[in-house]
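Below is protein_39.pdb, which holds PDB, C-alpha atoms.
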```
MODEL        1
ATOM      1  CA  MET E 116      23.318 -27.332  -0.384  1.00  0.00           C
ATOM      2  CA  GLN E 117      20.825 -27.440   2.450  1.00  0.00           C
ATOM      3  CA  LEU E 118      17.889 -25.430   1.118  1.00  0.00           C
ATOM      4  CA  SER E 119      16.558 -23.791  -2.055  1.00  0.00           C
ATOM      5  CA  ILE E 120      13.860 -21.104  -1.903  1.00  0.00           C
ATOM      6  CA  ILE E 121      11.848 -20.739  -5.119  1.00  0.00           C
ATOM      7  CA  ILE E 122       9.817 -17.571  -5.618  1.00  0.00           C
ATOM      8  CA  PRO E 123       7.682 -17.221  -8.783  1.00  0.00           C
ATOM      9  CA  ALA E 124       6.966 -13.588  -9.617  1.00  0.00           C
ATOM     10  CA  TYR E 125       4.567 -11.875 -11.990  1.00  0.00           C
ATOM     11  CA  ASN E 126       4.059  -8.121 -11.711  1.00  0.00           C
ATOM     12  CA  GLU E 127       5.289  -8.042  -8.108  1.00  0.00           C
ATOM     13  CA  ALA E 128       7.323  -4.823  -8.291  1.00  0.00           C
ATOM     14  CA  ALA E 129       5.562  -3.363  -5.243  1.00  0.00           C
ATOM     15  CA  VAL E 130       6.542  -6.183  -2.880  1.00  0.00           C
ATOM     16  CA  ILE E 131       9.296  -8.392  -4.319  1.00  0.00           C
ATOM     17  CA  ALA E 132      12.289  -6.511  -2.885  1.00  0.00           C
ATOM     18  CA  GLN E 133      10.812  -6.564   0.628  1.00  0.00           C
ATOM     19  CA  THR E 134      10.000 -10.274   0.375  1.00  0.00           C
ATOM     20  CA  ILE E 135      13.519 -11.139  -0.779  1.00  0.00           C
ATOM     21  CA  ALA E 136      15.034  -9.046   2.017  1.00  0.00           C
ATOM     22  CA  GLN E 137      12.925 -10.908   4.596  1.00  0.00           C
ATOM     23  CA  VAL E 138      13.884 -14.265   3.103  1.00  0.00           C
ATOM     24  CA  LYS E 139      17.589 -13.385   3.084  1.00  0.00           C
ATOM     25  CA  LYS E 140      17.560 -12.315   6.716  1.00  0.00           C
ATOM     26  CA  TYR E 141      15.703 -15.398   7.883  1.00  0.00           C
ATOM     27  CA  LEU E 142      17.908 -17.817   5.972  1.00  0.00           C
ATOM     28  CA  THR E 143      21.117 -16.115   7.094  1.00  0.00           C
ATOM     29  CA  ASP E 144      19.982 -16.448  10.708  1.00  0.00           C
ATOM     30  CA  HIS E 145      18.858 -20.083  10.491  1.00  0.00           C
ATOM     31  CA  TYR E 146      20.636 -21.997   7.699  1.00  0.00           C
ATOM     32  CA  ASN E 147      24.232 -22.795   6.817  1.00  0.00           C
ATOM     33  CA  SER E 148      23.812 -23.050   3.057  1.00  0.00           C
ATOM     34  CA  TYR E 149      20.975 -21.921   0.837  1.00  0.00           C
ATOM     35  CA  GLU E 150      20.027 -20.348  -2.459  1.00  0.00           C
ATOM     36  CA  ILE E 151      17.193 -18.036  -3.448  1.00  0.00           C
ATOM     37  CA  ILE E 152      15.800 -18.496  -6.952  1.00  0.00           C
ATOM     38  CA  VAL E 153      13.379 -15.870  -8.280  1.00  0.00           C
ATOM     39  CA  ILE E 154      11.665 -16.579 -11.584  1.00  0.00           C
ATOM     40  CA  ASP E 155      10.048 -13.731 -13.493  1.00  0.00           C
ATOM     41  CA  ASP E 156       7.041 -14.879 -15.521  1.00  0.00           C
ATOM     42  CA  LYS E 157       7.379 -12.169 -18.192  1.00  0.00           C
ATOM     43  CA  SER E 158       6.172  -9.341 -15.941  1.00  0.00           C
ATOM     44  CA  ILE E 159       4.999  -6.153 -17.611  1.00  0.00           C
ATOM     45  CA  ASP E 160       6.002  -3.959 -14.678  1.00  0.00           C
ATOM     46  CA  SER E 161       9.514  -3.453 -13.272  1.00  0.00           C
ATOM     47  CA  THR E 162       9.731  -6.790 -11.417  1.00  0.00           C
ATOM     48  CA  LEU E 163      12.544  -8.141 -13.595  1.00  0.00           C
ATOM     49  CA  GLU E 164      14.629  -4.967 -13.308  1.00  0.00           C
ATOM     50  CA  ILE E 165      14.236  -5.001  -9.518  1.00  0.00           C
ATOM     51  CA  ILE E 166      15.286  -8.610  -9.007  1.00  0.00           C
ATOM     52  CA  GLU E 167      18.198  -8.283 -11.428  1.00  0.00           C
ATOM     53  CA  GLY E 168      19.508  -5.521  -9.179  1.00  0.00           C
ATOM     54  CA  ILE E 169      19.476  -7.642  -6.008  1.00  0.00           C
ATOM     55  CA  ASP E 170      22.699  -9.372  -4.988  1.00  0.00           C
ATOM     56  CA  ASN E 171      23.126 -13.012  -4.040  1.00  0.00           C
ATOM     57  CA  ILE E 172      20.020 -14.442  -5.667  1.00  0.00           C
ATOM     58  CA  ARG E 173      19.575 -16.467  -8.850  1.00  0.00           C
ATOM     59  CA  VAL E 174      17.291 -14.829 -11.400  1.00  0.00           C
ATOM     60  CA  LEU E 175      15.503 -16.846 -14.070  1.00  0.00           C
ATOM     61  CA  ARG E 176      13.153 -15.385 -16.635  1.00  0.00           C
ATOM     62  CA  ASN E 177      10.420 -16.699 -18.878  1.00  0.00           C
ATOM     63  CA  LEU E 178      10.443 -15.408 -22.430  1.00  0.00           C
ATOM     64  CA  LYS E 179       6.644 -15.345 -22.378  1.00  0.00           C
ATOM     65  CA  ASN E 180       4.029 -15.466 -19.651  1.00  0.00           C
ATOM     66  CA  HIS E 181       3.337 -19.124 -18.870  1.00  0.00           C
ATOM     67  CA  GLY E 182       1.671 -19.272 -15.471  1.00  0.00           C
ATOM     68  CA  LYS E 183       2.560 -20.192 -11.918  1.00  0.00           C
ATOM     69  CA  GLY E 184       2.875 -23.931 -12.487  1.00  0.00           C
ATOM     70  CA  TYR E 185       5.392 -23.597 -15.298  1.00  0.00           C
ATOM     71  CA  THR E 186       7.325 -20.992 -13.343  1.00  0.00           C
ATOM     72  CA  VAL E 187       7.539 -22.986 -10.110  1.00  0.00           C
ATOM     73  CA  ARG E 188       8.586 -26.113 -12.025  1.00  0.00           C
ATOM     74  CA  LYS E 189      11.335 -24.136 -13.749  1.00  0.00           C
ATOM     75  CA  GLY E 190      12.681 -23.056 -10.366  1.00  0.00           C
ATOM     76  CA  LEU E 191      12.457 -26.573  -8.940  1.00  0.00           C
ATOM     77  CA  LEU E 192      14.365 -28.020 -11.886  1.00  0.00           C
ATOM     78  CA  ALA E 193      17.090 -25.385 -11.537  1.00  0.00           C
ATOM     79  CA  SER E 194      17.474 -25.844  -7.787  1.00  0.00           C
ATOM     80  CA  GLN E 195      20.406 -27.501  -6.026  1.00  0.00           C
ATOM     81  CA  GLY E 196      19.149 -27.823  -2.450  1.00  0.00           C
ATOM     82  CA  ASP E 197      18.462 -31.021  -0.555  1.00  0.00           C
ATOM     83  CA  TYR E 198      15.152 -29.415   0.394  1.00  0.00           C
ATOM     84  CA  LEU E 199      13.113 -26.973  -1.663  1.00  0.00           C
ATOM     85  CA  LEU E 200      10.505 -24.492  -0.540  1.00  0.00           C
ATOM     86  CA  PHE E 201       8.358 -22.522  -2.937  1.00  0.00           C
ATOM     87  CA  MET E 202       6.520 -19.491  -1.611  1.00  0.00           C
ATOM     88  CA  ASP E 203       4.491 -16.570  -2.917  1.00  0.00           C
ATOM     89  CA  ALA E 204       6.209 -13.353  -3.922  1.00  0.00           C
ATOM     90  CA  ASP E 205       3.792 -11.301  -1.806  1.00  0.00           C
ATOM     91  CA  SER E 206       4.838 -13.228   1.333  1.00  0.00           C
ATOM     92  CA  SER E 207       1.225 -14.085   2.171  1.00  0.00           C
ATOM     93  CA  THR E 208       2.884 -16.823   4.209  1.00  0.00           C
ATOM     94  CA  SER E 209       6.016 -15.440   5.829  1.00  0.00           C
ATOM     95  CA  ILE E 210       9.309 -17.273   5.372  1.00  0.00           C
ATOM     96  CA  SER E 211       9.409 -17.631   9.176  1.00  0.00           C
ATOM     97  CA  GLU E 212       6.602 -20.207   8.874  1.00  0.00           C
ATOM     98  CA  LEU E 213       9.197 -22.565   7.405  1.00  0.00           C
ATOM     99  CA  ALA E 214      10.137 -23.373  11.009  1.00  0.00           C
ATOM    100  CA  LYS E 215       6.798 -25.197  11.332  1.00  0.00           C
ATOM    101  CA  LEU E 216       7.334 -27.336   8.223  1.00  0.00           C
ATOM    102  CA  TRP E 217      11.033 -28.054   8.688  1.00  0.00           C
ATOM    103  CA  PRO E 218      10.763 -30.690  11.478  1.00  0.00           C
ATOM    104  CA  TYR E 219       8.724 -32.972   9.165  1.00  0.00           C
ATOM    105  CA  ARG E 220      11.112 -32.881   6.211  1.00  0.00           C
ATOM    106  CA  GLN E 221      12.789 -36.255   6.790  1.00  0.00           C
ATOM    107  CA  ASP E 222       9.603 -38.272   7.139  1.00  0.00           C
ATOM    108  CA  TYR E 223       7.501 -36.443   4.541  1.00  0.00           C
ATOM    109  CA  PRO E 224       8.902 -35.658   1.064  1.00  0.00           C
ATOM    110  CA  LEU E 225       6.036 -33.172   0.590  1.00  0.00           C
ATOM    111  CA  VAL E 226       5.076 -30.876   3.477  1.00  0.00           C
ATOM    112  CA  ILE E 227       2.178 -28.528   2.792  1.00  0.00           C
ATOM    113  CA  GLY E 228       1.576 -25.269   4.600  1.00  0.00           C
ATOM    114  CA  SER E 229      -2.154 -25.389   5.284  1.00  0.00           C
ATOM    115  CA  ARG E 230      -4.799 -22.804   6.064  1.00  0.00           C
ATOM    116  CA  ALA E 231      -7.478 -25.438   6.685  1.00  0.00           C
ATOM    117  CA  VAL E 232      -6.191 -27.664   9.491  1.00  0.00           C
ATOM    118  CA  ALA E 233      -6.507 -27.118  13.224  1.00  0.00           C
ATOM    119  CA  GLN E 234      -4.383 -24.265  14.615  1.00  0.00           C
ATOM    120  CA  ALA E 235      -3.952 -22.594  11.211  1.00  0.00           C
ATOM    121  CA  GLN E 236      -4.527 -18.844  11.337  1.00  0.00           C
ATOM    122  CA  VAL E 237      -6.000 -16.823   8.487  1.00  0.00           C
ATOM    123  CA  LYS E 238      -5.362 -13.245   9.566  1.00  0.00           C
ATOM    124  CA  ILE E 239      -6.977 -11.480   6.605  1.00  0.00           C
ATOM    125  CA  ARG E 240      -9.686 -13.412   4.798  1.00  0.00           C
ATOM    126  CA  GLN E 241     -10.528 -13.484   1.120  1.00  0.00           C
ATOM    127  CA  ASN E 242     -13.793 -12.077  -0.155  1.00  0.00           C
ATOM    128  CA  ILE E 243     -16.862 -14.298   0.149  1.00  0.00           C
ATOM    129  CA  VAL E 244     -16.866 -15.304  -3.541  1.00  0.00           C
ATOM    130  CA  LYS E 245     -13.319 -16.662  -3.325  1.00  0.00           C
ATOM    131  CA  VAL E 246     -14.113 -18.415  -0.041  1.00  0.00           C
ATOM    132  CA  ILE E 247     -17.126 -20.210  -1.546  1.00  0.00           C
ATOM    133  CA  LEU E 248     -15.282 -21.160  -4.720  1.00  0.00           C
ATOM    134  CA  GLY E 249     -12.299 -22.314  -2.686  1.00  0.00           C
ATOM    135  CA  ARG E 250     -14.433 -24.589  -0.512  1.00  0.00           C
ATOM    136  CA  ALA E 251     -16.145 -26.062  -3.551  1.00  0.00           C
ATOM    137  CA  GLY E 252     -12.750 -26.693  -5.105  1.00  0.00           C
ATOM    138  CA  ASN E 253     -11.522 -28.394  -1.945  1.00  0.00           C
ATOM    139  CA  LEU E 254     -14.456 -30.801  -1.940  1.00  0.00           C
ATOM    140  CA  LEU E 255     -13.831 -31.714  -5.562  1.00  0.00           C
ATOM    141  CA  SER E 256     -10.078 -32.059  -5.085  1.00  0.00           C
ATOM    142  CA  ARG E 257     -10.605 -34.422  -2.148  1.00  0.00           C
ATOM    143  CA  LEU E 258     -12.786 -36.551  -4.405  1.00  0.00           C
ATOM    144  CA  LEU E 259     -10.453 -36.567  -7.404  1.00  0.00           C
ATOM    145  CA  ILE E 260      -6.927 -35.957  -6.082  1.00  0.00           C
ATOM    146  CA  HIS E 261      -6.426 -36.883  -2.431  1.00  0.00           C
ATOM    147  CA  PRO E 262      -9.160 -37.544   0.158  1.00  0.00           C
ATOM    148  CA  ASN E 263      -7.135 -36.332   3.138  1.00  0.00           C
ATOM    149  CA  ILE E 264      -5.618 -33.038   1.974  1.00  0.00           C
ATOM    150  CA  LYS E 265      -7.667 -30.073   3.139  1.00  0.00           C
ATOM    151  CA  ASP E 266      -5.706 -27.215   1.539  1.00  0.00           C
ATOM    152  CA  THR E 267      -4.139 -28.013  -1.815  1.00  0.00           C
ATOM    153  CA  GLN E 268      -3.637 -24.456  -3.041  1.00  0.00           C
ATOM    154  CA  CYS E 269      -1.622 -22.656  -0.378  1.00  0.00           C
ATOM    155  CA  GLY E 270       1.554 -21.488  -2.095  1.00  0.00           C
ATOM    156  CA  PHE E 271       3.915 -22.595   0.676  1.00  0.00           C
ATOM    157  CA  LYS E 272       5.221 -26.122   0.184  1.00  0.00           C
ATOM    158  CA  LEU E 273       8.434 -27.883   1.192  1.00  0.00           C
ATOM    159  CA  LEU E 274       9.777 -30.749  -0.904  1.00  0.00           C
ATOM    160  CA  ALA E 275      12.662 -33.147  -0.431  1.00  0.00           C
ATOM    161  CA  ARG E 276      15.052 -33.795  -3.299  1.00  0.00           C
ATOM    162  CA  SER E 277      13.726 -37.372  -3.294  1.00  0.00           C
ATOM    163  CA  ALA E 278      10.435 -35.982  -4.687  1.00  0.00           C
ATOM    164  CA  ARG E 279      12.125 -34.902  -7.931  1.00  0.00           C
ATOM    165  CA  PRO E 280      10.170 -37.498 -10.000  1.00  0.00           C
ATOM    166  CA  VAL E 281       7.044 -35.578  -8.991  1.00  0.00           C
ATOM    167  CA  TRP E 282       8.043 -32.142 -10.232  1.00  0.00           C
ATOM    168  CA  GLU E 283       9.722 -33.557 -13.332  1.00  0.00           C
ATOM    169  CA  LYS E 284       6.327 -34.899 -14.433  1.00  0.00           C
ATOM    170  CA  LEU E 285       4.309 -31.740 -13.838  1.00  0.00           C
ATOM    171  CA  THR E 286       2.447 -30.685 -16.979  1.00  0.00           C
ATOM    172  CA  ILE E 287       0.000 -27.999 -15.828  1.00  0.00           C
ATOM    173  CA  GLU E 288       1.337 -24.487 -16.300  1.00  0.00           C
ATOM    174  CA  ASP E 289      -1.477 -22.743 -14.443  1.00  0.00           C
ATOM    175  CA  PHE E 290      -2.638 -22.705 -10.799  1.00  0.00           C
ATOM    176  CA  GLY E 291      -3.798 -26.328 -11.033  1.00  0.00           C
ATOM    177  CA  PHE E 292      -0.204 -27.514 -10.744  1.00  0.00           C
ATOM    178  CA  ASP E 293      -0.696 -27.837  -6.959  1.00  0.00           C
ATOM    179  CA  PHE E 294      -3.401 -30.435  -7.589  1.00  0.00           C
ATOM    180  CA  GLU E 295      -1.109 -32.254  -9.979  1.00  0.00           C
ATOM    181  CA  MET E 296       1.812 -32.206  -7.553  1.00  0.00           C
ATOM    182  CA  ILE E 297      -0.268 -33.760  -4.786  1.00  0.00           C
ATOM    183  CA  PHE E 298      -1.767 -36.325  -7.158  1.00  0.00           C
ATOM    184  CA  LEU E 299       1.669 -37.371  -8.384  1.00  0.00           C
ATOM    185  CA  ALA E 300       3.101 -37.524  -4.868  1.00  0.00           C
ATOM    186  CA  ARG E 301       0.293 -39.870  -3.893  1.00  0.00           C
ATOM    187  CA  LYS E 302       0.764 -41.917  -7.081  1.00  0.00           C
ATOM    188  CA  HIS E 303       4.462 -42.330  -6.256  1.00  0.00           C
ATOM    189  CA  GLY E 304       3.627 -43.411  -2.713  1.00  0.00           C
ATOM    190  CA  LEU E 305       5.229 -40.364  -1.092  1.00  0.00           C
ATOM    191  CA  ALA E 306       4.092 -39.369   2.390  1.00  0.00           C
ATOM    192  CA  ILE E 307       2.418 -35.958   2.586  1.00  0.00           C
ATOM    193  CA  LYS E 308       1.991 -33.826   5.685  1.00  0.00           C
ATOM    194  CA  GLU E 309      -0.248 -30.790   6.174  1.00  0.00           C
ATOM    195  CA  VAL E 310       1.043 -28.305   8.742  1.00  0.00           C
ATOM    196  CA  PRO E 311      -0.904 -25.289  10.045  1.00  0.00           C
ATOM    197  CA  ILE E 312       0.534 -21.914   9.111  1.00  0.00           C
ATOM    198  CA  ILE E 313      -0.327 -18.234   9.470  1.00  0.00           C
ATOM    199  CA  TRP E 314      -1.605 -16.740   6.223  1.00  0.00           C
ATOM    200  CA  TYR E 315      -2.560 -13.216   5.168  1.00  0.00           C
ATOM    201  CA  ASN E 316      -4.763 -12.577   2.162  1.00  0.00           C
ATOM    202  CA  ASN E 317      -3.339 -10.017  -0.255  1.00  0.00           C
ATOM    203  CA  PHE E 318      -6.165  -8.079  -1.870  1.00  0.00           C
ATOM    204  CA  ASP E 319      -3.775  -7.171  -4.686  1.00  0.00           C
ATOM    205  CA  SER E 320      -3.339 -10.869  -5.455  1.00  0.00           C
ATOM    206  CA  LYS E 321      -3.106 -11.817  -9.127  1.00  0.00           C
ATOM    207  CA  VAL E 322      -5.622 -14.616  -8.486  1.00  0.00           C
ATOM    208  CA  ARG E 323      -9.084 -13.474  -9.613  1.00  0.00           C
ATOM    209  CA  TRP E 324     -12.412 -15.213  -9.104  1.00  0.00           C
ATOM    210  CA  TRP E 325     -12.483 -16.424 -12.711  1.00  0.00           C
ATOM    211  CA  HIS E 326      -9.257 -18.363 -12.154  1.00  0.00           C
ATOM    212  CA  TYR E 327     -11.133 -20.710  -9.813  1.00  0.00           C
ATOM    213  CA  PRO E 328     -13.401 -22.452 -12.364  1.00  0.00           C
ATOM    214  CA  ARG E 329     -10.476 -22.673 -14.800  1.00  0.00           C
ATOM    215  CA  THR E 330      -8.307 -24.246 -12.115  1.00  0.00           C
ATOM    216  CA  LEU E 331     -11.054 -26.684 -11.118  1.00  0.00           C
ATOM    217  CA  ALA E 332     -11.278 -27.817 -14.743  1.00  0.00           C
ATOM    218  CA  GLN E 333      -7.642 -28.835 -14.438  1.00  0.00           C
ATOM    219  CA  LEU E 334      -8.665 -31.456 -11.872  1.00  0.00           C
ATOM    220  CA  TRP E 335     -10.343 -33.330 -14.696  1.00  0.00           C
ATOM    221  CA  GLN E 336      -7.308 -32.795 -16.900  1.00  0.00           C
ATOM    222  CA  ILE E 337      -5.167 -34.551 -14.276  1.00  0.00           C
ATOM    223  CA  ARG E 338      -7.512 -37.530 -14.157  1.00  0.00           C
ATOM    224  CA  LEU E 339      -7.538 -37.686 -17.961  1.00  0.00           C
ATOM    225  CA  ASN E 340      -3.743 -37.500 -18.095  1.00  0.00           C
ATOM    226  CA  ASN E 341      -3.606 -40.414 -15.678  1.00  0.00           C
ATOM    227  CA  LEU E 342      -6.022 -42.472 -17.757  1.00  0.00           C
ATOM    228  CA  LEU E 343      -3.933 -41.757 -20.842  1.00  0.00           C
ATOM    229  CA  LYS E 344      -0.827 -42.882 -18.921  1.00  0.00           C
ATOM    230  CA  LYS E 345       0.944 -39.535 -19.288  1.00  0.00           C
ATOM    231  CA  TYR E 346       2.349 -39.848 -15.768  1.00  0.00           C
TER     232      TYR E 346
ENDMDL
END
```
Can you dump the structure from the file as structure tokens?
Amino acid sequence: MQLSIIIPAYNEAAVIAQTIAQVKKYLTDHYNSYEIIVIDDKSIDSTLEIIEGIDNIRVLRNLKNHGKGYTVRKGLLASQGDYLLFMDADSSTSISELAKLWPYRQDYPLVIGSRAVAQAQVKIRQNIVKVILGRAGNLLSRLLIHPNIKDTQCGFKLLARSARPVWEKLTIEDFGFDFEMIFLARKHGLAIKEVPIIWYNNFDSKVRWWHYPRTLAQLWQIRLNNLLKKY
């Protein structure tokens, strides 16, 4: 199979059907073989009922709410594609942006959609608190995780099947899994490419300001895990 699309979802009833419809249309127009995997992270709205009613997708469900990292990893492990893209359920980065990442897939096992490199476009910005916390997090992540990656947290990343040892070793269930993925890719000597994308902030995002300090603490957890030889 050419491509797997992994979409983690938590309380996304308002947008998930539209996102899946957009993904289906794009993939039908551009790819010969693909699968769409949607993983419900124990939503308390009607997300699960909606996705279970959509044809031609694979639906996975968590029996309790775990977090984005656990949910993405579950989708990656279940996937069958030669290449795997995970994206946000609110389509803050449109599936059409995959065309920008796709040309790099053979030379870079991890291709990151980035909001922080030249030619990236942020159409709707986050509030100032999130911007400040995000920049502080980027500085710390470049110190502790990878000195050259400017946007670790954008939820639009393309992986090659050859990067499976990376996602198999993910341990962080929360938003810090992006840090861990990049750290492990670097540890395994895998080439990483940042590619500019168009991104729209969703003011109904499930990410709140208090998630930022908790996620930054997970940077230290990654370094500790490495010292304890858990990777």
Please provide as a PyMOL selection string all residues within 9 Å of Gln195 of chain E, with the sequence filter that same-chain residues fewer than 2 positions apart are discarded (counting all atoms listed in the file).
-> chain E and resi 116-119+149-150+191-193+197-199+276
Explicit residues for the PyMOL selection byres ((chain E and resi 211-221) around 9) (as JSON, numbers by chain) = {"E": [137, 138, 141, 198, 200, 208, 209, 210, 222, 223, 224, 225, 226, 227, 228, 271, 272, 273, 274, 275, 308, 309, 310, 311, 312, 313]}
Dump of C-alpha atoms for the selected residues, as a short mmCIF file (atom, residue, chain, number, x, y, z; two decimals), keeping the file's coordinate frame:
```
data_model
loop_
_atom_site.label_atom_id
_atom_site.label_comp_id
_atom_site.auth_asym_id
_atom_site.auth_seq_id
_atom_site.Cartn_x
_atom_site.Cartn_y
_atom_site.Cartn_z
CA GLN E 137 12.92 -10.91 4.60
CA VAL E 138 13.88 -14.26 3.10
CA TYR E 141 15.70 -15.40 7.88
CA TYR E 198 15.15 -29.42 0.39
CA LEU E 200 10.50 -24.49 -0.54
CA THR E 208 2.88 -16.82 4.21
CA SER E 209 6.02 -15.44 5.83
CA ILE E 210 9.31 -17.27 5.37
CA ASP E 222 9.60 -38.27 7.14
CA TYR E 223 7.50 -36.44 4.54
CA PRO E 224 8.90 -35.66 1.06
CA LEU E 225 6.04 -33.17 0.59
CA VAL E 226 5.08 -30.88 3.48
CA ILE E 227 2.18 -28.53 2.79
CA GLY E 228 1.58 -25.27 4.60
CA PHE E 271 3.92 -22.60 0.68
CA LYS E 272 5.22 -26.12 0.18
CA LEU E 273 8.43 -27.88 1.19
CA LEU E 274 9.78 -30.75 -0.90
CA ALA E 275 12.66 -33.15 -0.43
CA LYS E 308 1.99 -33.83 5.68
CA GLU E 309 -0.25 -30.79 6.17
CA VAL E 310 1.04 -28.30 8.74
CA PRO E 311 -0.90 -25.29 10.04
CA ILE E 312 0.53 -21.91 9.11
CA ILE E 313 -0.33 -18.23 9.47
#
```
Fewer than 2 positions away in the same chain doesn't count, so skip those; otherwise give me all residues within 7 Å of Ile152 of chain E, counting only C-alpha atoms, as a list in words.
-> Ile120, Ile121, Ile122, Glu150, Ile154, Ile172, Arg173, Val174 and Gly190 of chain E
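Applied to the shown file, the PyMOL selection byres ((chain E and resi 303) around 12) selects the residues Pro224, Leu225, Ser277, Ala278, Arg279, Pro280, Val281, Trp282, Lys284, Met296, Ile297, Phe298, Leu299, Ala300, Arg301, Lys302, Gly304, Leu305, Ala306, Ile307 and Tyr346 of chain E.
Distance annotation: of E:Pro328, E:Gly168, E:Gly291, E:Gly252, the residue with the minimal separation from Gly270 of chain E is E:Gly291; atom set is only C-alpha atoms.
When the PyMOL selection byres ((chain E and resi 266) around 10) is run on the displayed coordinates, the residues it returns are Ile227, Gly228, Ser229, Arg230, Ala231, Val232, Gly249, Arg250, Gly252, Asn253, Ser256, Arg257, Asn263, Ile264, Lys265, Thr267, Gln268, Cys269, Gly270, Asp293, Phe294, Glu309, Val310 and Pro311 of chain E.
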